[in-house]
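Enquirer: Okay, so here is input.pdb, and as you'll see once you scroll down, it has PDB, C-alpha atoms and all ligand atoms.
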```pdb
ATOM      1  CA  MET A   1      -2.520  28.824 -22.487
ATOM      2  CA  ALA A   2      -1.331  28.918 -18.854
ATOM      3  CA  PRO A   3      -3.391  26.752 -16.485
ATOM      4  CA  PRO A   4      -5.767  28.604 -14.131
ATOM      5  CA  ALA A   5      -4.434  29.447 -10.668
ATOM      6  CA  LEU A   6      -6.191  29.937  -7.353
ATOM      7  CA  ARG A   7      -4.489  32.253  -4.867
ATOM      8  CA  ILE A   8      -5.512  32.376  -1.213
ATOM      9  CA  GLU A   9      -4.105  35.232   0.852
ATOM     10  CA  GLY A  10      -4.863  36.250   4.431
ATOM     11  CA  LEU A  11      -8.085  34.241   4.491
ATOM     12  CA  SER A  12     -10.170  34.249   7.665
ATOM     13  CA  ALA A  13     -13.481  32.441   7.856
ATOM     14  CA  GLY A  14     -15.903  31.077  10.422
ATOM     15  CA  TYR A  15     -19.443  30.991  11.669
ATOM     16  CA  GLY A  16     -20.859  34.055  13.413
ATOM     17  CA  ARG A  17     -18.313  35.018  16.046
ATOM     18  CA  ARG A  18     -16.553  31.686  15.844
ATOM     19  CA  ARG A  19     -13.415  32.049  13.745
ATOM     20  CA  VAL A  20     -12.243  28.722  12.352
ATOM     21  CA  ILE A  21      -9.577  29.866   9.868
ATOM     22  CA  SER A  22      -7.300  32.794  10.650
ATOM     23  CA  ASP A  23      -5.086  34.580   8.165
ATOM     24  CA  LEU A  24      -4.445  31.538   5.974
ATOM     25  CA  SER A  25      -2.292  31.935   2.857
ATOM     26  CA  LEU A  26      -1.191  29.321   0.335
ATOM     27  CA  PRO A  27       1.134  29.334  -2.657
ATOM     28  CA  ALA A  28      -0.959  29.270  -5.872
ATOM     29  CA  ILE A  29      -2.978  26.123  -6.528
ATOM     30  CA  GLU A  30      -2.581  25.478 -10.238
ATOM     31  CA  GLY A  31      -4.819  23.700 -12.702
ATOM     32  CA  GLY A  32      -3.883  20.263 -14.013
ATOM     33  CA  GLY A  33      -3.221  18.713 -10.609
ATOM     34  CA  VAL A  34      -5.144  17.437  -7.614
ATOM     35  CA  THR A  35      -4.641  19.141  -4.256
ATOM     36  CA  ALA A  36      -5.680  16.995  -1.291
ATOM     37  CA  LEU A  37      -6.715  18.737   1.906
ATOM     38  CA  ILE A  38      -6.114  16.442   4.862
ATOM     39  CA  GLY A  39      -6.054  16.836   8.644
ATOM     40  CA  PRO A  40      -7.818  15.611  11.763
ATOM     41  CA  ASN A  41     -11.485  16.173  12.613
ATOM     42  CA  ALA A  42     -12.461  19.823  13.091
ATOM     43  CA  ALA A  43      -9.177  21.093  11.552
ATOM     44  CA  GLY A  44     -11.179  23.394   9.248
ATOM     45  CA  LYS A  45     -10.981  21.475   5.953
ATOM     46  CA  THR A  46     -14.683  21.755   5.116
ATOM     47  CA  THR A  47     -14.731  25.377   6.249
ATOM     48  CA  LEU A  48     -11.858  26.192   3.887
ATOM     49  CA  LEU A  49     -13.530  24.341   1.007
ATOM     50  CA  ARG A  50     -16.864  26.064   1.679
ATOM     51  CA  SER A  51     -15.167  29.478   1.777
ATOM     52  CA  LEU A  52     -13.587  28.738  -1.623
ATOM     53  CA  ALA A  53     -17.111  27.877  -2.827
ATOM     54  CA  GLY A  54     -18.477  31.177  -1.466
ATOM     55  CA  LEU A  55     -20.700  29.387   1.057
ATOM     56  CA  VAL A  56     -19.039  30.678   4.244
ATOM     57  CA  PRO A  57     -18.414  34.410   4.742
ATOM     58  CA  ALA A  58     -14.683  35.021   4.373
ATOM     59  CA  ARG A  59     -12.287  37.935   4.747
ATOM     60  CA  GLY A  60      -9.032  38.189   2.839
ATOM     61  CA  SER A  61      -8.473  37.288  -0.774
ATOM     62  CA  ILE A  62      -9.342  34.274  -2.943
ATOM     63  CA  ARG A  63      -8.330  35.023  -6.521
ATOM     64  CA  LEU A  64      -8.983  32.813  -9.520
ATOM     65  CA  ASP A  65      -6.541  34.285 -12.029
ATOM     66  CA  GLU A  66      -7.594  37.942 -12.116
ATOM     67  CA  VAL A  67     -11.034  37.464 -10.534
ATOM     68  CA  GLU A  68     -11.530  38.128  -6.806
ATOM     69  CA  LEU A  69     -13.972  35.377  -5.791
ATOM     70  CA  THR A  70     -14.910  36.896  -2.429
ATOM     71  CA  ARG A  71     -16.562  39.778  -4.282
ATOM     72  CA  LEU A  72     -18.628  37.602  -6.617
ATOM     73  CA  SER A  73     -22.338  36.867  -6.322
ATOM     74  CA  VAL A  74     -23.528  33.275  -5.865
ATOM     75  CA  ALA A  75     -24.139  33.096  -9.641
ATOM     76  CA  GLY A  76     -20.654  34.463 -10.361
ATOM     77  CA  HIS A  77     -19.166  31.812  -8.097
ATOM     78  CA  SER A  78     -21.136  28.946  -9.493
ATOM     79  CA  ALA A  79     -20.119  29.838 -13.055
ATOM     80  CA  ARG A  80     -16.538  29.032 -12.099
ATOM     81  CA  VAL A  81     -16.618  26.768  -9.063
ATOM     82  CA  ALA A  82     -18.450  23.480  -8.450
ATOM     83  CA  TYR A  83     -18.712  22.175  -4.895
ATOM     84  CA  MET A  84     -19.649  18.666  -3.868
ATOM     85  CA  PRO A  85     -20.691  18.644  -0.201
ATOM     86  CA  GLN A  86     -19.889  15.915   2.304
ATOM     87  CA  ALA A  87     -23.580  15.131   2.802
ATOM     88  CA  LEU A  88     -25.206  12.718   0.377
ATOM     89  CA  PRO A  89     -27.967  14.162  -1.857
ATOM     90  CA  GLN A  90     -31.489  14.118  -0.450
ATOM     91  CA  ARG A  91     -33.692  11.166  -1.335
ATOM     92  CA  VAL A  92     -35.805  13.261  -3.707
ATOM     93  CA  ALA A  93     -38.104  11.863  -6.406
ATOM     94  CA  LEU A  94     -35.813  12.761  -9.327
ATOM     95  CA  THR A  95     -33.974  10.300 -11.515
ATOM     96  CA  VAL A  96     -30.179  10.455 -11.528
ATOM     97  CA  LEU A  97     -30.306  11.843 -15.079
ATOM     98  CA  GLU A  98     -32.834  14.533 -14.097
ATOM     99  CA  ALA A  99     -30.757  15.522 -11.052
ATOM    100  CA  THR A 100     -27.595  15.746 -13.184
ATOM    101  CA  LEU A 101     -29.429  17.759 -15.831
ATOM    102  CA  SER A 102     -30.882  20.131 -13.264
ATOM    103  CA  ALA A 103     -27.385  20.763 -11.815
ATOM    104  CA  LEU A 104     -26.238  21.672 -15.312
ATOM    105  CA  MET A 105     -29.246  23.808 -16.275
ATOM    106  CA  SER A 106     -29.156  25.746 -12.973
ATOM    107  CA  SER A 107     -25.571  26.825 -13.533
ATOM    108  CA  PRO A 108     -25.136  30.182 -15.312
ATOM    109  CA  ASP A 109     -22.950  28.668 -18.034
ATOM    110  CA  GLY A 110     -25.198  25.626 -18.443
ATOM    111  CA  ALA A 111     -25.689  24.010 -21.831
ATOM    112  CA  SER A 112     -27.379  26.155 -24.466
ATOM    113  CA  ASP A 113     -29.942  23.554 -25.566
ATOM    114  CA  VAL A 114     -31.655  20.537 -24.090
ATOM    115  CA  ALA A 115     -30.072  17.995 -26.463
ATOM    116  CA  GLU A 116     -26.579  19.244 -25.631
ATOM    117  CA  ALA A 117     -27.396  19.247 -21.903
ATOM    118  CA  GLN A 118     -28.692  15.699 -22.122
ATOM    119  CA  SER A 119     -25.599  14.446 -23.906
ATOM    120  CA  ARG A 120     -23.315  16.188 -21.377
ATOM    121  CA  ALA A 121     -25.258  14.657 -18.481
ATOM    122  CA  LEU A 122     -25.145  11.179 -20.021
ATOM    123  CA  ARG A 123     -21.419  11.588 -20.663
ATOM    124  CA  ALA A 124     -20.836  12.491 -17.001
ATOM    125  CA  LEU A 125     -22.716   9.381 -15.856
ATOM    126  CA  GLU A 126     -20.797   7.229 -18.319
ATOM    127  CA  ARG A 127     -17.416   8.527 -17.146
ATOM    128  CA  LEU A 128     -18.349   7.641 -13.583
ATOM    129  CA  GLY A 129     -19.531   4.194 -14.642
ATOM    130  CA  ILE A 130     -23.130   4.816 -13.549
ATOM    131  CA  SER A 131     -24.989   4.974 -16.892
ATOM    132  CA  ASP A 132     -27.143   2.111 -15.619
ATOM    133  CA  LEU A 133     -28.465   4.379 -12.849
ATOM    134  CA  ALA A 134     -29.648   7.149 -15.219
ATOM    135  CA  MET A 135     -33.356   6.321 -14.939
ATOM    136  CA  ARG A 136     -33.293   5.231 -11.287
ATOM    137  CA  GLY A 137     -34.750   7.574  -8.649
ATOM    138  CA  LEU A 138     -32.358   9.194  -6.152
ATOM    139  CA  ASP A 139     -34.815   8.006  -3.502
ATOM    140  CA  GLU A 140     -34.147   4.360  -4.332
ATOM    141  CA  LEU A 141     -30.335   4.335  -4.405
ATOM    142  CA  SER A 142     -27.776   3.051  -1.930
ATOM    143  CA  GLY A 143     -25.497   5.514  -0.123
ATOM    144  CA  GLY A 144     -22.567   4.838  -2.457
ATOM    145  CA  GLN A 145     -24.760   5.198  -5.553
ATOM    146  CA  ARG A 146     -26.079   8.541  -4.266
ATOM    147  CA  GLN A 147     -22.492   9.708  -3.682
ATOM    148  CA  LEU A 148     -21.598   8.877  -7.300
ATOM    149  CA  ALA A 149     -24.745  10.733  -8.458
ATOM    150  CA  SER A 150     -23.637  13.748  -6.409
ATOM    151  CA  LEU A 151     -20.226  13.638  -8.069
ATOM    152  CA  ALA A 152     -21.913  13.551 -11.491
ATOM    153  CA  GLN A 153     -23.833  16.718 -10.531
ATOM    154  CA  SER A 154     -20.560  18.548  -9.804
ATOM    155  CA  ILE A 155     -18.536  17.435 -12.814
ATOM    156  CA  VAL A 156     -21.300  17.896 -15.404
ATOM    157  CA  ARG A 157     -20.921  21.671 -15.164
ATOM    158  CA  GLU A 158     -17.313  21.453 -16.331
ATOM    159  CA  PRO A 159     -16.112  24.059 -13.812
ATOM    160  CA  THR A 160     -12.679  25.698 -13.676
ATOM    161  CA  VAL A 161     -12.454  24.822  -9.966
ATOM    162  CA  LEU A 162     -13.806  21.529  -8.649
ATOM    163  CA  LEU A 163     -14.128  21.263  -4.856
ATOM    164  CA  LEU A 164     -14.898  17.800  -3.488
ATOM    165  CA  ASP A 165     -15.576  17.141   0.198
ATOM    166  CA  GLU A 166     -14.823  13.498   1.044
ATOM    167  CA  PRO A 167     -16.227  12.227  -2.271
ATOM    168  CA  THR A 168     -15.287   8.599  -1.587
ATOM    169  CA  SER A 169     -16.518   8.260   2.021
ATOM    170  CA  ALA A 170     -19.494   6.040   1.107
ATOM    171  CA  LEU A 171     -17.763   4.001  -1.611
ATOM    172  CA  ASP A 172     -16.337   0.484  -1.605
ATOM    173  CA  ILE A 173     -12.623   0.124  -2.341
ATOM    174  CA  HIS A 174     -13.132  -0.528  -6.078
ATOM    175  CA  HIS A 175     -15.217   2.613  -6.549
ATOM    176  CA  GLN A 176     -12.878   4.661  -4.331
ATOM    177  CA  LEU A 177      -9.958   3.877  -6.639
ATOM    178  CA  ARG A 178     -12.035   4.447  -9.784
ATOM    179  CA  VAL A 179     -13.229   7.833  -8.566
ATOM    180  CA  MET A 180      -9.765   8.971  -7.473
ATOM    181  CA  GLN A 181      -8.255   7.849 -10.785
ATOM    182  CA  PHE A 182     -11.052   9.627 -12.659
ATOM    183  CA  VAL A 183     -10.561  12.860 -10.687
ATOM    184  CA  ARG A 184      -6.841  12.825 -11.430
ATOM    185  CA  GLU A 185      -7.489  12.250 -15.151
ATOM    186  CA  LEU A 186     -10.116  14.996 -15.220
ATOM    187  CA  ALA A 187      -7.654  17.502 -13.726
ATOM    188  CA  GLU A 188      -4.977  16.558 -16.249
ATOM    189  CA  GLU A 189      -7.266  16.421 -19.315
ATOM    190  CA  ARG A 190      -9.099  19.691 -18.701
ATOM    191  CA  GLY A 191      -6.343  21.504 -16.829
ATOM    192  CA  ILE A 192      -8.815  22.362 -14.069
ATOM    193  CA  ILE A 193      -8.096  23.014 -10.387
ATOM    194  CA  VAL A 194      -9.240  20.177  -8.123
ATOM    195  CA  VAL A 195      -9.225  20.514  -4.342
ATOM    196  CA  ILE A 196     -10.385  17.429  -2.502
ATOM    197  CA  VAL A 197     -10.885  16.805   1.225
ATOM    198  CA  LEU A 198      -9.824  13.286   2.170
ATOM    199  CA  HIS A 199      -9.519  11.317   5.392
ATOM    200  CA  ASP A 200      -7.689   8.468   3.711
ATOM    201  CA  ILE A 201      -4.054   9.581   3.823
ATOM    202  CA  ALA A 202      -2.924   6.693   1.582
ATOM    203  CA  GLN A 203      -5.375   7.853  -1.104
ATOM    204  CA  ALA A 204      -4.052  11.394  -0.824
ATOM    205  CA  ALA A 205      -0.504  10.072  -1.140
ATOM    206  CA  ARG A 206      -1.365   8.018  -4.207
ATOM    207  CA  TYR A 207      -3.587  10.318  -6.241
ATOM    208  CA  ALA A 208      -2.816  13.901  -5.216
ATOM    209  CA  THR A 209      -0.087  15.970  -6.803
ATOM    210  CA  ARG A 210       0.005  18.234  -3.758
ATOM    211  CA  VAL A 211      -1.049  17.687  -0.141
ATOM    212  CA  VAL A 212      -2.065  20.506   2.190
ATOM    213  CA  VAL A 213      -2.267  19.395   5.825
ATOM    214  CA  MET A 214      -4.511  21.435   8.126
ATOM    215  CA  LYS A 215      -4.331  21.637  11.900
ATOM    216  CA  GLN A 216      -6.539  23.925  13.997
ATOM    217  CA  GLY A 217      -7.487  26.163  11.097
ATOM    218  CA  ALA A 218      -3.922  26.658   9.856
ATOM    219  CA  VAL A 219      -1.609  24.987   7.352
ATOM    220  CA  ALA A 220       0.695  22.485   9.073
ATOM    221  CA  ALA A 221       2.390  21.148   5.912
ATOM    222  CA  ASP A 222       2.125  21.738   2.168
ATOM    223  CA  GLY A 223       3.950  20.077  -0.688
ATOM    224  CA  PRO A 224       4.214  16.961  -2.839
ATOM    225  CA  PRO A 225       2.847  13.885  -1.001
ATOM    226  CA  ASP A 226       6.234  12.523   0.037
ATOM    227  CA  ALA A 227       7.270  15.900   1.486
ATOM    228  CA  ALA A 228       3.980  16.588   3.329
ATOM    229  CA  ILE A 229       3.227  13.096   4.645
ATOM    230  CA  THR A 230       5.984  12.212   7.094
ATOM    231  CA  PRO A 231       6.157  10.389  10.445
ATOM    232  CA  ALA A 232       6.843  13.746  12.145
ATOM    233  CA  MET A 233       3.722  15.323  10.588
ATOM    234  CA  LEU A 234       1.587  12.295  11.508
ATOM    235  CA  ALA A 235       2.794  12.472  15.126
ATOM    236  CA  ASP A 236       2.314  16.223  15.391
ATOM    237  CA  VAL A 237      -0.990  16.631  13.512
ATOM    238  CA  TYR A 238      -2.750  13.265  13.895
ATOM    239  CA  LYS A 239      -1.168  12.141  17.187
ATOM    240  CA  VAL A 240      -0.160   8.739  15.874
ATOM    241  CA  ALA A 241       3.164   6.922  15.712
ATOM    242  CA  ALA A 242       3.444   5.811  12.100
ATOM    243  CA  ARG A 243       5.914   4.742   9.475
ATOM    244  CA  VAL A 244       5.842   5.999   5.883
ATOM    245  CA  GLU A 245       7.422   3.683   3.338
ATOM    246  CA  ARG A 246       7.291   3.068  -0.403
ATOM    247  CA  CYS A 247       5.836  -0.248  -1.504
ATOM    248  CA  SER A 248       7.287  -2.283  -4.375
ATOM    249  CA  HIS A 249       4.879  -0.480  -6.762
ATOM    250  CA  GLY A 250       6.284   2.879  -5.717
ATOM    251  CA  PHE A 251       3.231   4.075  -3.732
ATOM    252  CA  LEU A 252       3.614   5.634  -0.286
ATOM    253  CA  GLN A 253       2.242   3.364   2.437
ATOM    254  CA  ILE A 254       1.329   4.660   5.878
ATOM    255  CA  MET A 255       1.641   2.106   8.651
ATOM    256  CA  VAL A 256       0.111   3.354  11.864
ATOM    257  CA  ASP A 257       1.578   1.659  14.928
ATOM    258  CA  ARG A 258      -0.296   3.354  17.750
ATOM    259  CA  ALA A 259      -2.138   6.433  18.934
ATOM    260  CA  LEU A 260      -0.217   8.977  20.983
ATOM    261  CA  ASP A 261      -1.735  10.986  23.787
ATOM    262  CA  GLU A 262      -1.861  14.789  23.661
ATOM    263  CA  ALA A 263       1.692  15.053  24.986
ATOM    264  CA  GLY A 264       2.897  12.848  22.127
ATOM    265  CA  VAL A 265       3.427   9.882  24.445
ATOM    266  CA  GLN A 266       2.354   6.380  23.447
ATOM    267  CA  ALA A 267      -1.255   5.691  24.425
ATOM    268  CA  ARG A 268      -2.357   2.164  25.374
ATOM    269  CA  SER A 269      -2.756  -0.007  22.318
ATOM    270  CA  VAL A 270      -3.579  -3.555  21.327
ATOM    271  CA  ALA A 271      -0.502  -5.752  21.061
ATOM    272  CA  PRO A 272       0.048  -7.466  17.684
ATOM    273  CA  PRO A 273      -0.832 -11.174  17.631
ATOM    274  CA  SER A 274       2.114 -13.360  18.581
ATOM    275  CA  THR A 275       3.372 -15.578  15.786
TER     276      THR A 275
HETATM  277  N1  LIG B 301     -22.202  25.544  10.814
HETATM  278  C1  LIG B 301     -21.307  25.668  11.795
HETATM  279  N2  LIG B 301     -21.541  26.508  12.830
HETATM  280  C2  LIG B 301     -20.633  26.643  13.835
HETATM  281  N3  LIG B 301     -19.458  25.990  13.893
HETATM  282  C3  LIG B 301     -19.184  25.158  12.884
HETATM  283  C4  LIG B 301     -20.085  24.936  11.791
HETATM  284  N4  LIG B 301     -19.519  24.037  10.946
HETATM  285  C5  LIG B 301     -18.346  23.707  11.497
HETATM  286  N5  LIG B 301     -18.125  24.366  12.646
HETATM  287  C6  LIG B 301     -16.935  24.266  13.516
HETATM  288  O1  LIG B 301     -15.802  24.634  12.754
HETATM  289  C7  LIG B 301     -14.677  23.809  13.105
HETATM  290  C8  LIG B 301     -14.103  23.221  11.812
HETATM  291  O2  LIG B 301     -15.091  22.379  11.223
HETATM  292  P1  LIG B 301     -14.883  21.766   9.773
HETATM  293  O3  LIG B 301     -16.165  21.084   9.409
HETATM  294  O4  LIG B 301     -14.365  22.809   8.870
HETATM  295  O5  LIG B 301     -13.741  20.701  10.072
HETATM  296  P2  LIG B 301     -13.190  19.494   9.193
HETATM  297  O6  LIG B 301     -11.700  19.597   9.219
HETATM  298  O7  LIG B 301     -13.840  19.464   7.869
HETATM  299  O8  LIG B 301     -13.657  18.277  10.100
HETATM  300  P3  LIG B 301     -14.108  16.748   9.769
HETATM  301  O9  LIG B 301     -12.871  16.034   9.320
HETATM  302  O10 LIG B 301     -14.557  16.279  11.129
HETATM  303  O11 LIG B 301     -15.204  16.776   8.750
HETATM  304  C9  LIG B 301     -15.191  22.770  14.106
HETATM  305  O12 LIG B 301     -14.782  23.153  15.400
HETATM  306  C10 LIG B 301     -16.690  22.828  13.964
HETATM  307  O13 LIG B 301     -17.331  22.556  15.191
END
```
For this file, write the structure as structure tokens.
Ligand SMILES: Nc1ncnc2c1ncn2[C@@H]1O[C@H](COP(=O)(O)OP(=O)(O)OP(=O)(O)O)[C@@H](O)[C@H]1O

Expert:
Amino acid sequence: MAPPALRIEGLSAGYGRRRVISDLSLPAIEGGGVTALIGPNAAGKTTLLRSLAGLVPARGSIRLDEVELTRLSVAGHSARVAYMPQALPQRVALTVLEATLSALMSSPDGASDVAEAQSRALRALERLGISDLAMRGLDELSGGQRQLASLAQSIVREPTVLLLDEPTSALDIHHQLRVMQFVRELAEERGIIVVIVLHDIAQAARYATRVVVMKQGAVAADGPPDAAITPAMLADVYKVAARVERCSHGFLQIMVDRALDEAGVQARSVAPPST
């Protein structure tokens, strides 16, 4: 069976009269890979992700195979799309297992019986390496633990489209790598579409199959990591002078030398220590 495909055409979205994204189109995002959405602050990454999740009013077309998502109800959306917001889950008096179960049971295609739901929820926690947190209250967890619990709530529903907004922002380096590796495996195993907002460009380079770079509500670059992440893009979009090189393990490394001012001229920077 062909993998699912998400097609975005002529998409405009914003808040009230404030238009953040104007007439944005992308070549199809196909299942089985991880698409990283990167770009500077306020570029519109979260707004794009939230429009794909049906949480921001949008004009234009977002099609998942033959289904036009902009015409679906909230329930229709949530049967197909899971969205993990940037904000950590509230410190509510639910255990991690209860919160994961409630995410599953509240989705229209949730498990048909309680035993199945419980085993799916436990499996999600296990895959994220947080089985030991199952009976702990969300109100007694650290920030990183709550972020992992939030990720469990999105993956437990086994959606066709998984949208993750900075899912590693509260995690230590070990858990960042584990989560990114897990997300990549999940996309490949289930053939689902994963779109993930990241600030860490090196993580995008290492784990994404495709990188979409946003600048001021538009697409500034789109392609495999080594085509999208270039010194010219980093200077233009992020206003930094940087080098992009492959390390001995074959991963792209981004070495940022200095910030540039708006005109692209070197801004003052700290000199490296003399040797
Ligand atoms: N609820 C809102 N109401 C009005 N304007 C908003 C709202 N949310 C975001 N914006 C504006 O939309 C623009 C894009 O914001 P968005 O959160 O999509 O950017 P982002 O690329 O995700 O940024 P960051 O990397 O800082 O999280 C910003 O100018 C922001 O001020």

Enquirer: Could you give me the axis-aligned bounding box of ligand LIG 301 (chain B), with 3 Å of padding per side, as centre plus edge lengths in Å to one decimal, as lines of an AutoDock Vina configuration file?

Expert:
```
center_x = -17.0
center_y = 21.3
center_z = 11.6
size_x = 16.5
size_y = 16.6
size_z = 13.5
```

Enquirer: Carefully work through the PyMOL selection byres (((chain A and resi 243-254) around 12) and not hetatm) for this structure and note down the residues it includes, as a PyMOL selection string.

Expert: chain A and resi 200-208+224-235+240-242+255-258

Enquirer: Translate the PyMOL selection byres (((chain A and resi 123) around 12) and not hetatm), as applied to the file shown, into an explicit residue set as an mmCIF file with C-alpha atoms, in the coordinates of the input.

Expert:
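part.cif written:
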```
data_model
loop_
_atom_site.group_PDB
_atom_site.id
_atom_site.type_symbol
_atom_site.label_atom_id
_atom_site.label_comp_id
_atom_site.auth_asym_id
_atom_site.auth_seq_id
_atom_site.Cartn_x
_atom_site.Cartn_y
_atom_site.Cartn_z
ATOM 1 C CA LEU A 97 -30.306 11.843 -15.079
ATOM 2 C CA THR A 100 -27.595 15.746 -13.184
ATOM 3 C CA LEU A 101 -29.429 17.759 -15.831
ATOM 4 C CA GLU A 116 -26.579 19.244 -25.631
ATOM 5 C CA ALA A 117 -27.396 19.247 -21.903
ATOM 6 C CA GLN A 118 -28.692 15.699 -22.122
ATOM 7 C CA SER A 119 -25.599 14.446 -23.906
ATOM 8 C CA ARG A 120 -23.315 16.188 -21.377
ATOM 9 C CA ALA A 121 -25.258 14.657 -18.481
ATOM 10 C CA LEU A 122 -25.145 11.179 -20.021
ATOM 11 C CA ALA A 124 -20.836 12.491 -17.001
ATOM 12 C CA LEU A 125 -22.716 9.381 -15.856
ATOM 13 C CA GLU A 126 -20.797 7.229 -18.319
ATOM 14 C CA ARG A 127 -17.416 8.527 -17.146
ATOM 15 C CA LEU A 128 -18.349 7.641 -13.583
ATOM 16 C CA GLY A 129 -19.531 4.194 -14.642
ATOM 17 C CA ILE A 130 -23.130 4.816 -13.549
ATOM 18 C CA SER A 131 -24.989 4.974 -16.892
ATOM 19 C CA ALA A 134 -29.648 7.149 -15.219
ATOM 20 C CA ALA A 152 -21.913 13.551 -11.491
ATOM 21 C CA GLN A 153 -23.833 16.718 -10.531
ATOM 22 C CA ILE A 155 -18.536 17.435 -12.814
ATOM 23 C CA VAL A 156 -21.300 17.896 -15.404
ATOM 24 C CA ARG A 157 -20.921 21.671 -15.164
ATOM 25 C CA GLU A 158 -17.313 21.453 -16.331
#
```

Enquirer: Collect all residues with atoms no farther than 6 Å from ligand LIG 301 (chain B), counting only C-alpha atoms and all ligand atoms, and output them as a tab-separated table (two decimals) with C-alpha atoms, in the coordinates of the input.

Expert:
```
chain	number	residue	atom	x	y	z
A	15	TYR	CA	-19.44	30.99	11.67
A	20	VAL	CA	-12.24	28.72	12.35
A	40	PRO	CA	-7.82	15.61	11.76
A	41	ASN	CA	-11.48	16.17	12.61
A	42	ALA	CA	-12.46	19.82	13.09
A	43	ALA	CA	-9.18	21.09	11.55
A	44	GLY	CA	-11.18	23.39	9.25
A	45	LYS	CA	-10.98	21.48	5.95
A	46	THR	CA	-14.68	21.76	5.12
A	47	THR	CA	-14.73	25.38	6.25
```

Enquirer: I need the residue set behind the PyMOL selection byres (((chain A and resi 181-187) around 8) and not hetatm) for this file; please write it as a PyMOL selection string.

Expert: chain A and resi 31-34+127-128+177-180+188-194+207-208

Enquirer: What is the atom CA of Pro27 of chain A to atom CA of Ala5 of chain A distance in Å?

Expert: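 About the pair atom CA of Pro27 of chain A and atom CA of Ala5 of chain A: they are 9.8 Å apart.
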
Enquirer: Report, in Å with one decimal, the straight-line distance from atom CA of Met214 of chain A to atom CA of Leu260 of chain A.

Expert: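 If I compute the distance from atom CA of Met214 of chain A to atom CA of Leu260 of chain A, I get 18.4 Å.
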
Enquirer: Between atom CA of Leu171 of chain A and atom CA of Asp139 of chain A, measure the distance and give it in Å to one decimal.

Expert: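 Answer for the atom CA of Leu171 of chain A to atom CA of Asp139 of chain A separation: 17.6 Å.
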
Enquirer: With all atoms listed in the file as the basis for distance, which of A:Ala259, A:Leu48, A:Met84, A:Val213 is at the shortest distance from Leu11 of chain A?

Expert: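 Counting all atoms listed in the file, the residue closest to Leu11 of chain A is A:Leu48.
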
Enquirer: Show me the residues close to (-14.8, 28.2, 5.7) - anything with an atom within 6 Å, counting all atoms listed in the file - and format the list as a list in words.

Expert: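 The answer, in the requested form, is Ala13, Gly14, Thr47, Leu48, Arg50, Ser51 and Val56 of chain A.
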
Enquirer: Quick one: of A:Met135, A:Ile173, A:Leu198, A:Ala93, who's nearest to Val212 of chain A, counting all atoms listed in the file?

Expert: A:Leu198

Enquirer: Counting all atoms listed in the file, which of A:Met105, A:Ile21, A:Leu69, A:Ala79 gets nearest to Thr160 of chain A?

Expert: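 Ranking A:Met105, A:Ile21, A:Leu69, A:Ala79 by distance to Thr160 of chain A, first place goes to A:Ala79.
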
Enquirer: Between A:Thr209, A:Gln90, A:Gln216, A:Ser61, which has the minimum distance to Glu140 of chain A (counting all atoms listed in the file)?

Expert: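 For Glu140 of chain A, the nearest of the given residues is A:Gln90.
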
Enquirer: Using all atoms listed in the file, which of A:Pro159, A:Gly144, A:Gly217, A:Gly60 sits nearest Gln176 of chain A?

Expert: A:Gly144

Enquirer: Using all atoms listed in the file, which protein or nucleic acid residues come within 12 Å of Glu68 of chain A? Drop anything in the same chain fewer than 2 positions from it, and give the result as a list of chain:residue names.

Expert: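 The contact residues come out as A:Ala5, A:Leu6, A:Arg7, A:Ile8, A:Glu9, A:Leu52, A:Gly54, A:Arg59, A:Gly60, A:Ser61, A:Ile62, A:Arg63, A:Leu64, A:Asp65, A:Glu66, A:Thr70, A:Arg71, A:Leu72, A:Ser73, A:Gly76, A:His77, A:Arg80.
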